[in-house]
Each structure stands twice: as C-alpha cells, then as structure tokens.
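Enquirer: Dropping in work.cif, with mmCIF, C-alpha atoms and all ligand atoms.
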data_start
#
loop_
_atom_site.label_atom_id
_atom_site.label_comp_id
_atom_site.auth_asym_id
_atom_site.auth_seq_id
_atom_site.Cartn_x
_atom_site.Cartn_y
_atom_site.Cartn_z
CA MET O 30 5.38 69.94 -11.45
CA LYS O 31 5.48 66.25 -12.28
CA PHE O 32 8.49 64.79 -14.11
CA PHE O 33 8.08 62.03 -16.68
CA VAL O 34 11.07 60.56 -18.48
CA ASP O 35 10.82 60.42 -22.25
CA THR O 36 12.63 57.18 -23.07
CA ALA O 37 12.23 53.47 -23.73
CA ASP O 38 15.62 52.66 -22.18
CA ILE O 39 15.00 50.37 -19.20
CA ASP O 40 18.33 51.12 -17.52
CA ASP O 41 17.63 54.86 -17.57
CA ILE O 42 14.09 54.31 -16.28
CA ARG O 43 15.34 52.13 -13.40
CA ASP O 44 18.07 54.62 -12.54
CA LEU O 45 15.74 57.63 -12.50
CA ALA O 46 12.95 55.75 -10.69
CA ALA O 47 15.46 55.06 -7.89
CA THR O 48 15.74 58.83 -7.25
CA GLY O 49 12.15 58.87 -6.00
CA LEU O 50 11.51 61.94 -8.16
CA LEU O 51 10.11 60.24 -11.25
CA ASP O 52 6.35 60.48 -11.73
CA GLY O 53 5.87 58.65 -15.02
CA VAL O 54 7.25 57.60 -18.41
CA THR O 55 6.45 58.53 -22.00
CA THR O 56 7.46 56.47 -25.00
CA ASN O 57 6.87 56.86 -28.71
CA PRO O 58 7.47 54.63 -31.76
CA SER O 59 10.86 56.25 -32.44
CA LEU O 60 12.06 55.62 -28.88
CA VAL O 61 10.83 52.01 -29.04
CA ALA O 62 12.68 51.50 -32.34
CA LYS O 63 15.83 52.92 -30.74
CA SER O 64 15.54 50.50 -27.80
CA GLY O 65 15.51 47.48 -30.13
CA ARG O 66 12.96 45.83 -27.79
CA LYS O 67 9.59 44.15 -28.49
CA PHE O 68 6.94 46.76 -27.74
CA ILE O 69 4.43 44.99 -25.47
CA PRO O 70 6.94 43.22 -23.16
CA LEU O 71 8.88 46.49 -22.96
CA ILE O 72 5.81 48.43 -21.83
CA GLU O 73 4.91 45.66 -19.36
CA GLU O 74 8.38 45.93 -17.84
CA ILE O 75 8.19 49.73 -17.59
CA CYS O 76 4.80 49.51 -15.86
CA GLU O 77 6.32 47.21 -13.24
CA ILE O 78 9.10 49.69 -12.49
CA VAL O 79 7.05 52.90 -12.40
CA SER O 80 3.67 53.21 -10.69
CA GLY O 81 2.77 56.55 -12.35
CA PRO O 82 1.38 56.96 -15.86
CA VAL O 83 3.23 55.13 -18.64
CA SER O 84 2.38 56.38 -22.13
CA ALA O 85 2.20 53.71 -24.83
CA GLU O 86 1.47 54.99 -28.33
CA VAL O 87 -0.78 53.42 -30.95
CA ALA O 88 0.93 52.70 -34.27
CA ALA O 89 -2.06 52.97 -36.61
CA THR O 90 -3.44 56.20 -38.02
CA ASP O 91 -6.95 55.04 -38.97
CA TYR O 92 -9.75 54.97 -36.40
CA GLU O 93 -10.66 51.25 -36.54
CA THR O 94 -7.12 49.92 -36.17
CA MET O 95 -6.21 52.57 -33.61
CA ARG O 96 -9.20 51.56 -31.50
CA LYS O 97 -8.17 47.88 -31.60
CA GLU O 98 -4.57 48.71 -30.70
CA ALA O 99 -5.74 50.96 -27.86
CA GLU O 100 -7.82 48.08 -26.52
CA ILE O 101 -4.71 45.91 -26.28
CA LEU O 102 -2.53 48.67 -24.80
CA ARG O 103 -4.99 49.75 -22.13
CA LYS O 104 -5.13 46.21 -20.74
CA ILE O 105 -1.37 46.00 -20.16
CA ALA O 106 -1.58 47.65 -16.72
CA ASP O 107 -3.69 50.05 -14.66
CA ASN O 108 -1.13 52.83 -15.09
CA ILE O 109 -1.16 52.83 -18.91
CA ALA O 110 -1.94 56.11 -20.65
CA VAL O 111 -2.79 55.28 -24.25
CA LYS O 112 -1.05 57.78 -26.50
CA VAL O 113 -2.92 58.87 -29.63
CA PRO O 114 -2.04 61.46 -32.27
CA LEU O 115 -3.86 64.76 -32.48
CA THR O 116 -5.97 63.83 -35.50
CA PRO O 117 -9.74 63.41 -35.91
CA ALA O 118 -9.33 59.62 -35.56
CA GLY O 119 -7.02 60.01 -32.57
CA LEU O 120 -9.39 62.33 -30.75
CA LYS O 121 -12.34 60.04 -31.45
CA VAL O 122 -10.44 57.18 -29.82
CA CYS O 123 -9.41 59.55 -27.01
CA LYS O 124 -13.03 60.42 -26.24
CA GLU O 125 -14.10 56.78 -26.13
CA LEU O 126 -11.18 55.73 -23.95
CA SER O 127 -11.54 58.60 -21.49
CA ASP O 128 -15.31 58.04 -21.25
CA GLY O 129 -14.43 54.46 -20.30
CA GLY O 130 -11.96 55.54 -17.61
CA THR O 131 -8.67 54.96 -19.46
CA MET O 132 -5.94 57.62 -19.28
CA VAL O 133 -5.11 59.15 -22.67
CA ASN O 134 -2.11 61.22 -23.76
CA VAL O 135 -2.82 63.21 -26.94
CA THR O 136 0.49 63.71 -28.68
CA LEU O 137 1.89 65.85 -31.52
CA CYS O 138 0.13 69.03 -30.39
CA PHE O 139 1.52 72.14 -32.08
CA SER O 140 -1.21 74.76 -31.65
CA PRO O 141 -3.57 76.15 -28.98
CA ALA O 142 -6.54 75.21 -31.19
CA GLN O 143 -5.42 71.58 -31.15
CA ALA O 144 -5.04 71.72 -27.36
CA ILE O 145 -8.63 72.91 -27.00
CA LEU O 146 -9.82 69.94 -29.06
CA ALA O 147 -7.78 67.54 -26.91
CA ALA O 148 -9.34 68.91 -23.72
CA LYS O 149 -12.82 68.65 -25.20
CA ALA O 150 -12.07 65.02 -26.11
CA GLY O 151 -11.33 64.34 -22.42
CA ALA O 152 -7.56 63.82 -22.75
CA THR O 153 -5.79 63.16 -19.47
CA PHE O 154 -2.68 64.79 -20.94
CA VAL O 155 -2.01 66.95 -23.98
CA SER O 156 1.58 66.93 -25.27
CA PRO O 157 2.69 70.19 -26.91
CA PHE O 158 6.14 69.73 -28.51
CA VAL O 159 8.29 72.68 -27.46
CA GLY O 160 11.64 71.67 -28.96
CA ARG O 161 10.30 70.79 -32.39
CA LEU O 162 8.63 74.22 -32.63
CA ASP O 163 11.87 75.92 -31.56
CA ASP O 164 13.66 73.86 -34.23
CA ILE O 165 11.60 75.57 -36.95
CA SER O 166 12.08 79.02 -35.35
CA GLU O 167 8.60 79.09 -33.78
CA ASP O 168 7.96 79.88 -30.12
CA GLY O 169 7.66 76.54 -28.29
CA LEU O 170 7.32 78.07 -24.84
CA GLY O 171 4.78 80.57 -26.21
CA LEU O 172 2.58 77.60 -27.05
CA ILE O 173 2.80 76.31 -23.47
CA SER O 174 1.88 79.75 -22.16
CA ASP O 175 -1.14 79.97 -24.49
CA ILE O 176 -2.43 76.51 -23.55
CA CYS O 177 -2.01 77.10 -19.80
CA ARG O 178 -3.91 80.40 -20.07
CA ILE O 179 -6.72 78.89 -22.11
CA TYR O 180 -7.16 75.89 -19.81
CA GLU O 181 -7.27 78.20 -16.76
CA ASN O 182 -10.32 79.90 -18.30
CA TYR O 183 -12.24 76.61 -18.34
CA PRO O 184 -12.20 74.85 -14.96
CA SER O 185 -14.21 71.98 -16.49
CA PHE O 186 -11.13 71.05 -18.60
CA ASP O 187 -9.35 68.27 -16.67
CA THR O 188 -6.53 67.90 -19.18
CA GLU O 189 -2.98 68.31 -17.85
CA VAL O 190 -0.41 70.18 -19.94
CA LEU O 191 2.46 67.74 -20.52
CA VAL O 192 5.40 69.67 -21.93
CA ALA O 193 7.06 67.43 -24.52
CA SER O 194 10.06 67.58 -26.82
CA VAL O 195 12.03 69.18 -23.99
CA ARG O 196 15.60 70.01 -24.93
CA ASN O 197 17.03 71.80 -21.88
CA PRO O 198 16.36 72.78 -18.24
CA LEU O 199 15.12 76.23 -19.28
CA HIS O 200 12.19 74.61 -21.09
CA ILE O 201 11.25 72.99 -17.78
CA VAL O 202 11.72 76.05 -15.58
CA GLU O 203 9.84 78.41 -17.90
CA SER O 204 7.00 75.88 -18.29
CA ALA O 205 6.81 75.51 -14.51
CA LYS O 206 6.46 79.30 -14.16
CA MET O 207 3.50 79.10 -16.52
CA GLY O 208 1.88 76.38 -14.42
CA ALA O 209 2.32 73.44 -16.81
CA HIS O 210 1.48 70.26 -14.91
CA VAL O 211 4.08 67.85 -16.28
CA ALA O 212 7.35 67.89 -18.22
CA THR O 213 8.52 64.80 -20.06
CA CYS O 214 12.25 64.99 -20.55
CA PRO O 215 15.10 62.94 -21.97
CA PRO O 216 17.13 61.32 -19.14
CA SER O 217 20.08 63.65 -19.83
CA VAL O 218 17.94 66.76 -19.25
CA ILE O 219 16.57 65.42 -15.95
CA ARG O 220 20.15 64.78 -14.82
CA GLN O 221 21.17 68.30 -15.90
CA LEU O 222 18.63 69.75 -13.45
CA TYR O 223 20.83 68.79 -10.49
CA ASN O 224 23.83 70.75 -11.71
CA HIS O 225 25.09 74.14 -10.64
CA PRO O 226 28.81 75.07 -10.53
CA LEU O 227 28.38 76.78 -7.15
CA THR O 228 26.91 73.56 -5.69
CA THR O 229 29.94 71.58 -6.91
CA GLN O 230 32.40 74.22 -5.73
CA GLY O 231 30.65 74.74 -2.38
CA LEU O 232 30.58 71.02 -1.66
CA GLU O 233 34.30 70.64 -2.43
CA THR O 234 35.04 73.40 0.10
CA PHE O 235 32.80 71.85 2.77
CA VAL O 236 34.43 68.42 2.29
CA GLU O 237 37.92 69.91 2.60
CA ASP O 238 37.05 72.00 5.66
CA TRP O 239 35.32 69.06 7.35
CA LYS O 240 38.52 66.99 6.95
CA LYS O 241 40.39 69.75 8.84
CA THR O 242 38.13 69.25 11.87
CA GLY O 243 39.34 65.63 12.18
CA GLN O 244 35.81 64.64 13.24
CA SER O 245 33.36 61.94 12.10
CA ILE O 246 29.59 62.00 12.50
CA LEU O 247 29.31 58.19 12.52
C1 LIG G 301 6.45 63.12 -26.30
O1 LIG G 301 5.82 62.35 -25.61
C2 LIG G 301 7.46 62.70 -27.27
O2 LIG G 301 7.86 61.39 -26.98
C3 LIG G 301 8.73 63.50 -27.23
O3 LIG G 301 8.77 64.45 -26.21
C4 LIG G 301 9.26 63.91 -28.55
O4 LIG G 301 10.43 64.64 -28.39
P1 LIG G 301 11.53 64.86 -29.53
O5 LIG G 301 11.15 66.07 -30.30
O6 LIG G 301 12.80 65.06 -28.77
O7 LIG G 301 11.54 63.60 -30.37
#
Could you write out this structure as structure tokens?
Ligand code: E4P

Expert:
Amino acid sequence: MKFFVDTADIDDIRDLAATGLLDGVTTNPSLVAKSGRKFIPLIEEICEIVSGPVSAEVAATDYETMRKEAEILRKIADNIAVKVPLTPAGLKVCKELSDGGTMVNVTLCFSPAQAILAAKAGATFVSPFVGRLDDISEDGLGLISDICRIYENYPSFDTEVLVASVRNPLHIVESAKMGAHVATCPPSVIRQLYNHPLTTQGLETFVEDWKKTGQSIL
C-alpha cells in the first residue's frame, strides 16, 4: 500500500519525506487555505521535496475554467496529479487530461457508481472519503470494499483506489486488507502507525538490560 500525506504543511511534508516511507502528497483548497501560502509556489515546493504524485486541485467548478486551471497545474512538474471533483465537468476534464498523459485524482467520491464513472474517465486515482461518510453514520470502509471489488472485476480499469478522509490507523489497515492501493492520511495518523505500547515497553527493557552488560557495539 502506498502512503500519501494529506497536508499542505511544508514542515510536515519534509519530515515525513525523510522517513523514506512517503509515496506522495495530496492537497485540497481547505488545506491550502490553512497553510496561508500562495498556491502555485507551494505546489512547486512540494514537488521538489517529493518525487511521487502530488495532487493539486482545480478551484473552478465549470468545465471551461477548470480546463484552463488544469492546464496551468499540469505544467508545474512531471509528478503533478491534477485533482478534479467528481462532477460531469470534472470527469470531462479528467478524460482529456488522462488521454493526454497527465495523472488525475478524482476527488469527493462518495458512492460506488461515482467510482465506476471515474475509472471510465481514465482517472489515475479515485478518492473515496471514508471519514466524512462515517461522520454522517454511513459506512466509509464499506465504500472502499465495494470499489475494490468492482475494480477487480474489470482488469481494464487502471484507476487506483486512494482512500481519503482517513481519520485513524484502522481506516488504513482495513483498507489495506481490501486491497486499496493508496491511503492519504493526515500527518498525525501516519505518525500514529508507528505506535504500540508493547514496542515502547519492550524497547525500554532492552535498553535497561543492555546497560547491565556494560558493553558497546561501537
Ligand atoms: C483528499 O484528498 C482530501 O484532501 C482529504 O482526504 C479530505 O479529508 P477530510 O475529510 O479530513 O477533510
């Protein structure tokens, strides 16, 4: 499973990229607003830090403007994935971009039917939002399961399932069991993945016992 970080915070991106375990970055207009940064220079900087796909989202909702924005975004770097909403206009732009060889992330997917449309439009990634479905008492992980099963039935679908709106490690683990290709997670959730109380406790014991030996490896 690939891990993308869902943030526009450069310090977090640098920190997680240094682990060697980060495969890409996703941003959205809300995350950009939170960063307080100018959008294009921010995305340029992220693309220099991370060599994997960096999702940059269009701001417009109409086809003509979205297409023009996508044209600017796709030229920022080779690893840009233009992010478009799951709307008729968004999928039209998706089809054109993917036909031209640009990576596209179709975002705001909340149903299996929408995921089928995204795959037919040639999306590189489809982003089903698990947490936001859970928030309204719907089954976020059930959606991931449905999409994975449907895509498996159609080997000609190249679209990767990018689990989005991740709120906790269980969302990642359960999605991995279903075969989802990517999870995009807030930095805090990626850091949570390392933790287990028995790891902490076991390491403390090993450190103490090693001191008793009076030895040094170096
Ligand atoms: C996906 O790419 C979105 O940026 C993101 O996962 C949204 O998550 P949220 O529901 O935590 O805002």

Enquirer: Excluding O:Tyr183 and any residue of its chain fewer than 5 positions from it, enumerate the residues within 12 Å of it, using all atoms listed in the file, and give them as a list in words.

Expert: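 After dropping sequence-adjacent residues, the list is Ile145, Ala148, Lys149, Ile176, Cys177, Arg178 and Thr188 of chain O.
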
Enquirer: With C-alpha atoms retained, export the selected residues as a PDB file, in the frame of the given file.

Expert:
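Written file, selection-v1.pdb:
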ATOM      1  CA  ILE O 145      -8.630  72.910 -27.000  1.00  0.00           C
ATOM      2  CA  ALA O 148      -9.340  68.910 -23.720  1.00  0.00           C
ATOM      3  CA  LYS O 149     -12.820  68.650 -25.200  1.00  0.00           C
ATOM      4  CA  ILE O 176      -2.430  76.510 -23.550  1.00  0.00           C
ATOM      5  CA  CYS O 177      -2.010  77.100 -19.800  1.00  0.00           C
ATOM      6  CA  ARG O 178      -3.910  80.400 -20.070  1.00  0.00           C
ATOM      7  CA  THR O 188      -6.530  67.900 -19.180  1.00  0.00           C
TER       8      THR O 188
END

Enquirer: Take atom CA of O:Val236 and atom CA of O:Pro198 and report the distance between them in Å, one decimal.

Expert: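 Between atom CA of O:Val236 and atom CA of O:Pro198 the gap works out to 27.7 Å.
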
Enquirer: I'd like a table as a Markdown table: residues in stretch 165-231 of chain O with an atom no more than 10 Å from stretch 44-48 of chain O, each row giving the shortest atom pair and its distance in Å to one decimal, all atoms listed in the file counted, sorted by chain and rising residue number.

Expert:
| residue | atom | partner | partner_atom | distance |
| --- | --- | --- | --- | --- |
| O:Pro216 | CA | O:Leu45 | CA | 7.7 |
| O:Ile219 | CA | O:Leu45 | CA | 8.6 |
| O:Arg220 | CA | O:Leu45 | CA | 8.7 |

Enquirer: Out of O:Ile39, O:Asp107, O:Thr116, O:Leu50, which residue has the shortest atom-to-atom distance to O:Ile78 when counting only C-alpha atoms?

Expert: O:Ile39

Enquirer: Which value, in Å to one decimal, gives the distance between atom CA of O:Leu162 and atom CA of O:Ala99?

Expert: 27.8 Å

Enquirer: Could you tell me which of O:Gln244, O:Gln230, O:Thr90, O:Ser217 comes closest to ligand LIG 301 (chain G) if we count only C-alpha atoms and all ligand atoms?

Expert: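 Once distances to ligand LIG 301 (chain G) are computed over only C-alpha atoms and all ligand atoms, the minimum belongs to O:Ser217.
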
Enquirer: Neighbours of ligand LIG 301 (chain G) within 7 Å, counting all atoms listed in the file, as a list of chain:residue names?

Expert: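 I would give the residues around ligand LIG 301 (chain G) as O:Asp35, O:Thr55, O:Thr56, O:Asn57, O:Thr136, O:Ser156, O:Phe158, O:Gly160, O:Arg161, O:Ala193, O:Ser194, O:Val195, O:Arg196, O:Thr213, O:Cys214.
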
Enquirer: Would you mind telling me which residue in O:Pro215, O:Leu222, O:Leu115, O:Lys104 lies nearest to O:Leu60 when using only C-alpha atoms?

Expert: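 Residue with the minimum atom-to-atom distance to O:Leu60: O:Pro215.
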
Enquirer: Please provide the set of residues having any atom within 10 Å of O:Ser64, restricted to only C-alpha atoms, with same-chain residues fewer than 6 positions apart removed, written as a list in words.

Expert: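 Non-adjacent residues within range: Thr36, Ala37, Asp38, Ile39, Pro58 and Leu71 of chain O.
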
Enquirer: I'd like the interatomic distance between atom CA of O:Ala110 and atom CA of O:Val83, to a tenth of an Å.

Expert: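 If I compute the distance from atom CA of O:Ala110 to atom CA of O:Val83, I get 5.6 Å.
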
Enquirer: For each of O:Ala89, O:His210, O:Ile42, O:Val190, take the minimum atom-to-atom distance to O:Val135, counting only C-alpha atoms, then give the residue where this is smallest.

Expert: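 The shortest atom-to-atom distance to O:Val135 comes from O:Val190.
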
Enquirer: Under the rule that all atoms listed in the file are counted, which of O:Ser140, O:Leu232, O:Pro114, O:Asn134 is the nearest residue to O:Asp175?

Expert: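 Smallest distance to O:Asp175 is found for O:Ser140.
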
Enquirer: Using all atoms listed in the file, list the residues that have an atom at most 9 Å from (-9.9, 69.9, -17.8), coordinates as in the file, as a PyMOL selection string.

Expert: chain O and resi 148-149+151-153+180-181+183-189

Enquirer: Rank nothing, just name the residue among O:Ala209, O:Glu86, O:Ser245, O:Ala144 nearest to O:Ser59, using only C-alpha atoms.

Expert: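 Closest residue, counting only C-alpha atoms: O:Glu86.
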